[in-house]
Amino acid sequence: MPPSGRGRKTGRFKGRSGRRFKTLGPETGPCLEISLFSGYHPRMTVQDQSPCLTIPRWNQLSFLVHGFGLAGFGLRGLKSLWPGFAAVMTKQTHSDRVVFLDGPPDKEVKGDGLATDRSGLLLIVRTADCLPILLADERRRVIAALHCGWRGTVQRLAEKAVALLHGRYGCEPGGLLAAFGPCIGRYCYEVGQDVRDRFAEEGLPIEVFDIHPHREGKYLLDLQAANRFQLLRAGLDPGNMNFIGDCTHCEPRMSSYRRERDKAGRMLAFVGIKPF
Ligand SMILES: [Zn+2]
């Protein structure tokens with residue numbers, strides 16, 4: 001069982017399906033529940049002084065570096081941590097566009113996905129509540145980084161990215177690893193009827209929405225589950241998906257647009273193929 005974190009009381013919360021979820025205590029609300037997925041759920045603890053969270057399984061991948069930076073960990077910190085890389089970011093527009101890179105771009109590119117099979121490029125997505133997803137194919141040595149808010153999700157960015165990686169690099173979906181970074185959790189992400197309607201129109205499962213317990217006409221969206229569904233449909237093995245379960249809205253060391261509004265910084269999720 002993962003550690004429950006920071007000495008807070010734990011409690012029991014009955015989820016919508018009747019399953020019992022172990023949760024952190026009332027200071028953070030019921031968002032940080034543990035048993036939604038079968039993947040590993042690293043937890044931050046007071047002992048953690050690293051500015052980045054990583055997935056233990058991905059730490060074993062010798063050909064790449066990866067991480068999910070906490071609030072305040074910026075480009076300067078990232079460059080000093082991995083000085084051998086060229087950092088690449090896009091102008092994120094909540095689209096389904098994936099940019100393929102053979103080298104550092106000479107001008108700003110627009111898109112919400114980055115992919116490469118070249119070493120020395122650090123692919124970066126910036127988030128504050130949206131979901132960052134990293135993809136890696138160990139056999140073909142291919143990586144990708146995706147920025148999945150609800151708009152990118154409803155445009156099926158994650159699902160399309162897997163098909164594009166197959167077409168461009170020959171990546172077999174069953175061999176792809178996916179690392180889900182921290183995002184706003186399923187008990188904090190309030191959305192309107194319009195968002196739920198868009199998912200239904202696109203043929204995406206509306207089971208990822210819960211009726212809001214207190215606000216009429218509002219729903220709660222499980223962004224991780226919505227994207228997990230897409231990756232499963234695209235052919236990924238559920239055992240190849242790992243998740244960082246912390247909720248950006250509940251965790252003060254993370255950036256949250258919903259909590260901080262215009263004052264919110266952006267957290268950096270990154271992956272790069274080692275040039276050495
Ligand atoms: Zn939360």
# chains A, B, ... in the order shown; residues from 1 in each chain; ligands from 1
>>> select_by_dssp(residues="stretch 70-161 of chain A", states="alpha helix (DSSP H)", output="NGL selection string")
:A and (75-81 or 150-154 or 157-161)
>>> residues_near_ligand(ligand="ligand 1", cutoff="6 Å", atoms="only C-alpha atoms and all ligand atoms", output="number ranges by chain")
A: 31, 184-185, 187-188, 247, 249-250
>>> write_last_selection(atoms="N, CA and C atoms", output="PDB file, in the first residue's frame")
ATOM      1  N   CYS A  31     -10.043  14.129  -2.417  1.00  0.00           N
ATOM      2  CA  CYS A  31      -9.566  14.034  -3.785  1.00  0.00           C
ATOM      3  C   CYS A  31      -8.439  13.035  -3.954  1.00  0.00           C
ATOM      4  N   ILE A 184      -5.618  18.109 -11.891  1.00  0.00           N
ATOM      5  CA  ILE A 184      -6.725  18.340 -10.971  1.00  0.00           C
ATOM      6  C   ILE A 184      -7.511  17.039 -10.811  1.00  0.00           C
ATOM      7  N   GLY A 185      -7.834  16.700  -9.575  1.00  0.00           N
ATOM      8  CA  GLY A 185      -8.417  15.400  -9.279  1.00  0.00           C
ATOM      9  C   GLY A 185      -9.918  15.338  -9.542  1.00  0.00           C
ATOM     10  N   TYR A 187     -12.438  14.870  -7.723  1.00  0.00           N
ATOM     11  CA  TYR A 187     -13.402  15.488  -6.812  1.00  0.00           C
ATOM     12  C   TYR A 187     -13.265  16.996  -6.774  1.00  0.00           C
ATOM     13  N   CYS A 188     -12.376  17.524  -7.585  1.00  0.00           N
ATOM     14  CA  CYS A 188     -12.152  18.983  -7.596  1.00  0.00           C
ATOM     15  C   CYS A 188     -12.458  19.619  -8.944  1.00  0.00           C
ATOM     16  N   CYS A 247      -3.504  15.522  -6.474  1.00  0.00           N
ATOM     17  CA  CYS A 247      -4.381  16.500  -7.119  1.00  0.00           C
ATOM     18  C   CYS A 247      -3.736  17.883  -7.035  1.00  0.00           C
ATOM     19  N   HIS A 249      -5.072  20.721  -7.384  1.00  0.00           N
ATOM     20  CA  HIS A 249      -5.937  21.666  -6.672  1.00  0.00           C
ATOM     21  C   HIS A 249      -5.813  21.496  -5.164  1.00  0.00           C
ATOM     22  N   CYS A 250      -5.565  20.293  -4.698  1.00  0.00           N
ATOM     23  CA  CYS A 250      -5.478  20.005  -3.262  1.00  0.00           C
ATOM     24  C   CYS A 250      -4.066  20.161  -2.712  1.00  0.00           C
TER      25      CYS A 250
END
>>> atom_distance(atom1="atom CA of A:Thr116", atom2="atom CA of A:Asp137")
10.7 Å
>>> residues_around(residues="A:Leu204", least_positions_apart="2", cutoff="12 Å", atoms="only C-alpha atoms", output="ChimeraX atom specification")
/A:150,153-156,159,195-202,206-209,225-230,233
>>> write_last_selection(atoms="N, CA and C atoms", output="PDB file, in the first residue's frame")
ATOM      1  N   TRP A 150      -9.340  19.474 -20.738  1.00  0.00           N
ATOM      2  CA  TRP A 150     -10.575  18.844 -21.222  1.00  0.00           C
ATOM      3  C   TRP A 150     -10.737  19.046 -22.723  1.00  0.00           C
ATOM      4  N   THR A 153      -8.568  16.619 -24.490  1.00  0.00           N
ATOM      5  CA  THR A 153      -9.119  15.284 -24.252  1.00  0.00           C
ATOM      6  C   THR A 153     -10.321  15.027 -25.151  1.00  0.00           C
ATOM      7  N   VAL A 154     -11.202  16.015 -25.252  1.00  0.00           N
ATOM      8  CA  VAL A 154     -12.404  15.799 -26.073  1.00  0.00           C
ATOM      9  C   VAL A 154     -12.038  15.728 -27.566  1.00  0.00           C
ATOM     10  N   GLN A 155     -10.896  16.311 -27.913  1.00  0.00           N
ATOM     11  CA  GLN A 155     -10.405  16.169 -29.300  1.00  0.00           C
ATOM     12  C   GLN A 155      -9.559  14.912 -29.475  1.00  0.00           C
ATOM     13  N   ARG A 156      -9.482  14.111 -28.441  1.00  0.00           N
ATOM     14  CA  ARG A 156      -8.815  12.804 -28.443  1.00  0.00           C
ATOM     15  C   ARG A 156      -7.320  12.909 -28.787  1.00  0.00           C
ATOM     16  N   GLU A 159      -5.305   9.646 -27.850  1.00  0.00           N
ATOM     17  CA  GLU A 159      -5.595   8.536 -28.770  1.00  0.00           C
ATOM     18  C   GLU A 159      -4.932   8.789 -30.133  1.00  0.00           C
ATOM     19  N   VAL A 195     -19.521  20.740 -21.256  1.00  0.00           N
ATOM     20  CA  VAL A 195     -18.353  19.857 -21.380  1.00  0.00           C
ATOM     21  C   VAL A 195     -18.803  18.407 -21.499  1.00  0.00           C
ATOM     22  N   ARG A 196     -19.738  18.033 -20.652  1.00  0.00           N
ATOM     23  CA  ARG A 196     -20.260  16.659 -20.715  1.00  0.00           C
ATOM     24  C   ARG A 196     -20.914  16.388 -22.072  1.00  0.00           C
ATOM     25  N   ASP A 197     -21.622  17.372 -22.588  1.00  0.00           N
ATOM     26  CA  ASP A 197     -22.271  17.210 -23.896  1.00  0.00           C
ATOM     27  C   ASP A 197     -21.240  17.002 -25.001  1.00  0.00           C
ATOM     28  N   ARG A 198     -20.134  17.732 -24.915  1.00  0.00           N
ATOM     29  CA  ARG A 198     -19.094  17.586 -25.948  1.00  0.00           C
ATOM     30  C   ARG A 198     -18.511  16.173 -25.935  1.00  0.00           C
ATOM     31  N   PHE A 199     -18.284  15.640 -24.758  1.00  0.00           N
ATOM     32  CA  PHE A 199     -17.769  14.270 -24.652  1.00  0.00           C
ATOM     33  C   PHE A 199     -18.763  13.286 -25.282  1.00  0.00           C
ATOM     34  N   ALA A 200     -20.034  13.482 -24.977  1.00  0.00           N
ATOM     35  CA  ALA A 200     -21.061  12.580 -25.518  1.00  0.00           C
ATOM     36  C   ALA A 200     -21.095  12.681 -27.046  1.00  0.00           C
ATOM     37  N   GLU A 201     -21.008  13.895 -27.569  1.00  0.00           N
ATOM     38  CA  GLU A 201     -21.031  14.093 -29.025  1.00  0.00           C
ATOM     39  C   GLU A 201     -19.863  13.389 -29.704  1.00  0.00           C
ATOM     40  N   GLU A 202     -18.729  13.328 -29.019  1.00  0.00           N
ATOM     41  CA  GLU A 202     -17.529  12.700 -29.595  1.00  0.00           C
ATOM     42  C   GLU A 202     -17.496  11.196 -29.375  1.00  0.00           C
ATOM     43  N   ILE A 206     -19.263   8.907 -20.966  1.00  0.00           N
ATOM     44  CA  ILE A 206     -19.673   9.941 -20.000  1.00  0.00           C
ATOM     45  C   ILE A 206     -19.620   9.403 -18.565  1.00  0.00           C
ATOM     46  N   GLU A 207     -19.192   8.149 -18.427  1.00  0.00           N
ATOM     47  CA  GLU A 207     -18.985   7.607 -17.077  1.00  0.00           C
ATOM     48  C   GLU A 207     -17.848   8.316 -16.346  1.00  0.00           C
ATOM     49  N   VAL A 208     -17.037   9.075 -17.090  1.00  0.00           N
ATOM     50  CA  VAL A 208     -15.947   9.807 -16.429  1.00  0.00           C
ATOM     51  C   VAL A 208     -16.464  11.072 -15.737  1.00  0.00           C
ATOM     52  N   PHE A 209     -17.772  11.320 -15.858  1.00  0.00           N
ATOM     53  CA  PHE A 209     -18.381  12.451 -15.157  1.00  0.00           C
ATOM     54  C   PHE A 209     -19.227  11.938 -13.998  1.00  0.00           C
ATOM     55  N   ALA A 225      -9.062   9.392 -15.877  1.00  0.00           N
ATOM     56  CA  ALA A 225      -9.834   8.246 -16.383  1.00  0.00           C
ATOM     57  C   ALA A 225     -10.220   8.451 -17.845  1.00  0.00           C
ATOM     58  N   ALA A 226     -10.564   9.685 -18.209  1.00  0.00           N
ATOM     59  CA  ALA A 226     -10.949   9.963 -19.593  1.00  0.00           C
ATOM     60  C   ALA A 226      -9.791   9.669 -20.542  1.00  0.00           C
ATOM     61  N   ASN A 227      -8.583  10.022 -20.139  1.00  0.00           N
ATOM     62  CA  ASN A 227      -7.430   9.773 -21.000  1.00  0.00           C
ATOM     63  C   ASN A 227      -6.944   8.335 -20.924  1.00  0.00           C
ATOM     64  N   ARG A 228      -7.106   7.731 -19.773  1.00  0.00           N
ATOM     65  CA  ARG A 228      -6.771   6.310 -19.662  1.00  0.00           C
ATOM     66  C   ARG A 228      -7.640   5.495 -20.622  1.00  0.00           C
ATOM     67  N   PHE A 229      -8.921   5.846 -20.692  1.00  0.00           N
ATOM     68  CA  PHE A 229      -9.818   5.166 -21.615  1.00  0.00           C
ATOM     69  C   PHE A 229      -9.304   5.272 -23.050  1.00  0.00           C
ATOM     70  N   GLN A 230      -8.881   6.474 -23.425  1.00  0.00           N
ATOM     71  CA  GLN A 230      -8.409   6.664 -24.804  1.00  0.00           C
ATOM     72  C   GLN A 230      -7.168   5.834 -25.100  1.00  0.00           C
ATOM     73  N   ARG A 233      -8.129   2.259 -25.508  1.00  0.00           N
ATOM     74  CA  ARG A 233      -8.777   2.064 -26.818  1.00  0.00           C
ATOM     75  C   ARG A 233      -7.745   2.103 -27.932  1.00  0.00           C
TER      76      ARG A 233
END
>>> atom_distance(atom1="atom CA of A:Val65", atom2="atom CA of A:Leu131")
19.0 Å
>>> select_by_dssp(residues="stretch 73-264 of chain A", states="strand (DSSP E)", output="JSON, numbers by chain")
{"A": [86, 87, 88, 98, 99, 100, 101, 113, 114, 115, 116, 121, 122, 123, 124, 125, 126, 127, 131, 132, 133, 134, 135, 136, 137, 142, 143, 144, 145, 146, 147, 148, 176, 177, 178, 179, 180, 190, 191, 192, 209, 210, 211, 218, 219, 220, 221, 241, 242, 243]}
>>> residues_around(residues="stretch 235-237 of chain A", least_positions_apart="6", cutoff="12 Å", atoms="only C-alpha atoms", output="CSV table (one decimal) with C-alpha atoms, in the first residue's frame")
chain,number,residue,atom,x,y,z
A,38,SER,CA,-3.9,-0.4,-10.8
A,39,GLY,CA,-0.8,1.6,-11.6
A,135,LEU,CA,4.8,8.3,-23.7
A,136,ALA,CA,7.9,6.2,-24.3
A,137,ASP,CA,8.7,3.3,-26.6
A,158,ALA,CA,-3.9,11.1,-26.5
A,159,GLU,CA,-5.6,8.5,-28.8
A,160,LYS,CA,-4.4,10.3,-31.9
A,161,ALA,CA,-0.9,10.6,-30.6
A,162,VAL,CA,-0.6,6.9,-30.3
A,163,ALA,CA,-1.8,6.4,-33.9
A,166,HIS,CA,2.7,4.2,-35.0
A,171,CYS,CA,5.7,2.2,-32.4
A,172,GLU,CA,3.4,-0.7,-31.4
A,173,PRO,CA,0.8,0.6,-29.0
A,174,GLY,CA,1.1,-2.5,-26.9
A,175,GLY,CA,4.8,-1.6,-26.3
A,176,LEU,CA,4.2,2.0,-25.3
A,177,LEU,CA,4.6,3.1,-21.7
A,178,ALA,CA,2.4,6.0,-20.4
A,179,ALA,CA,3.2,8.2,-17.4
A,227,ASN,CA,-7.4,9.8,-21.0
A,228,ARG,CA,-6.8,6.3,-19.7
A,229,PHE,CA,-9.8,5.2,-21.6
>>> closest_residue(among="A:Leu157, A:Ala115, A:Leu123, A:Leu164", to="A:Ala144", atoms="only C-alpha atoms")
A:Ala115
>>> closest_residue(among="A:Pro213, A:Gly120, A:Gly181, A:Gly272", to="A:Thr54", atoms="only C-alpha atoms")
A:Gly181
>>> atom_distance(atom1="atom CA of A:Gln92", atom2="atom CA of A:Leu268")
12.7 Å
>>> residues_around(residues="A:Trp82", least_positions_apart="4", cutoff="9 Å", atoms="only C-alpha atoms", output="PyMOL selection string")
chain A and resi 65+77-78+122
>>> residues_around(residues="A:Leu114", least_positions_apart="5", cutoff="9 Å", atoms="only C-alpha atoms", output="number ranges by chain")
A: 88-90, 97-101, 123-125, 143-146
>>> closest_residue(among="A:Leu223, A:Ile273, A:Ala86, A:Cys130", to="A:Asp117", atoms="only C-alpha atoms")
A:Ile273
>>> closest_atom_pairs(of="stretch 65-90 of chain A", to="stretch 49-53 of chain A", cutoff="9 Å", atoms="only C-alpha atoms", output="JSON lines")
{"residue": "A:His66", "atom": "CA", "partner": "A:Leu53", "partner_atom": "CA", "distance": 9.0}
{"residue": "A:Gly67", "atom": "CA", "partner": "A:Leu53", "partner_atom": "CA", "distance": 5.6}
{"residue": "A:Phe68", "atom": "CA", "partner": "A:Leu53", "partner_atom": "CA", "distance": 5.0}
{"residue": "A:Gly69", "atom": "CA", "partner": "A:Cys52", "partner_atom": "CA", "distance": 4.1}
{"residue": "A:Leu70", "atom": "CA", "partner": "A:Pro51", "partner_atom": "CA", "distance": 5.6}
{"residue": "A:Ala71", "atom": "CA", "partner": "A:Pro51", "partner_atom": "CA", "distance": 8.2}
{"residue": "A:Gly72", "atom": "CA", "partner": "A:Pro51", "partner_atom": "CA", "distance": 8.3}
{"residue": "A:Phe73", "atom": "CA", "partner": "A:Pro51", "partner_atom": "CA", "distance": 6.2}
{"residue": "A:Gly77", "atom": "CA", "partner": "A:Pro51", "partner_atom": "CA", "distance": 8.8}
>>> write_last_selection(atoms="C-alpha atoms", output="CSV table (one decimal), in the first residue's frame")
chain,number,residue,atom,x,y,z
A,66,HIS,CA,11.8,12.3,-17.2
A,67,GLY,CA,10.0,14.2,-14.4
A,68,PHE,CA,7.1,16.3,-13.3
A,69,GLY,CA,8.3,19.5,-11.8
A,70,LEU,CA,6.5,21.0,-8.7
A,71,ALA,CA,5.5,24.6,-8.5
A,72,GLY,CA,8.4,27.0,-8.7
A,73,PHE,CA,10.6,24.5,-10.7
A,77,GLY,CA,16.1,24.7,-12.8
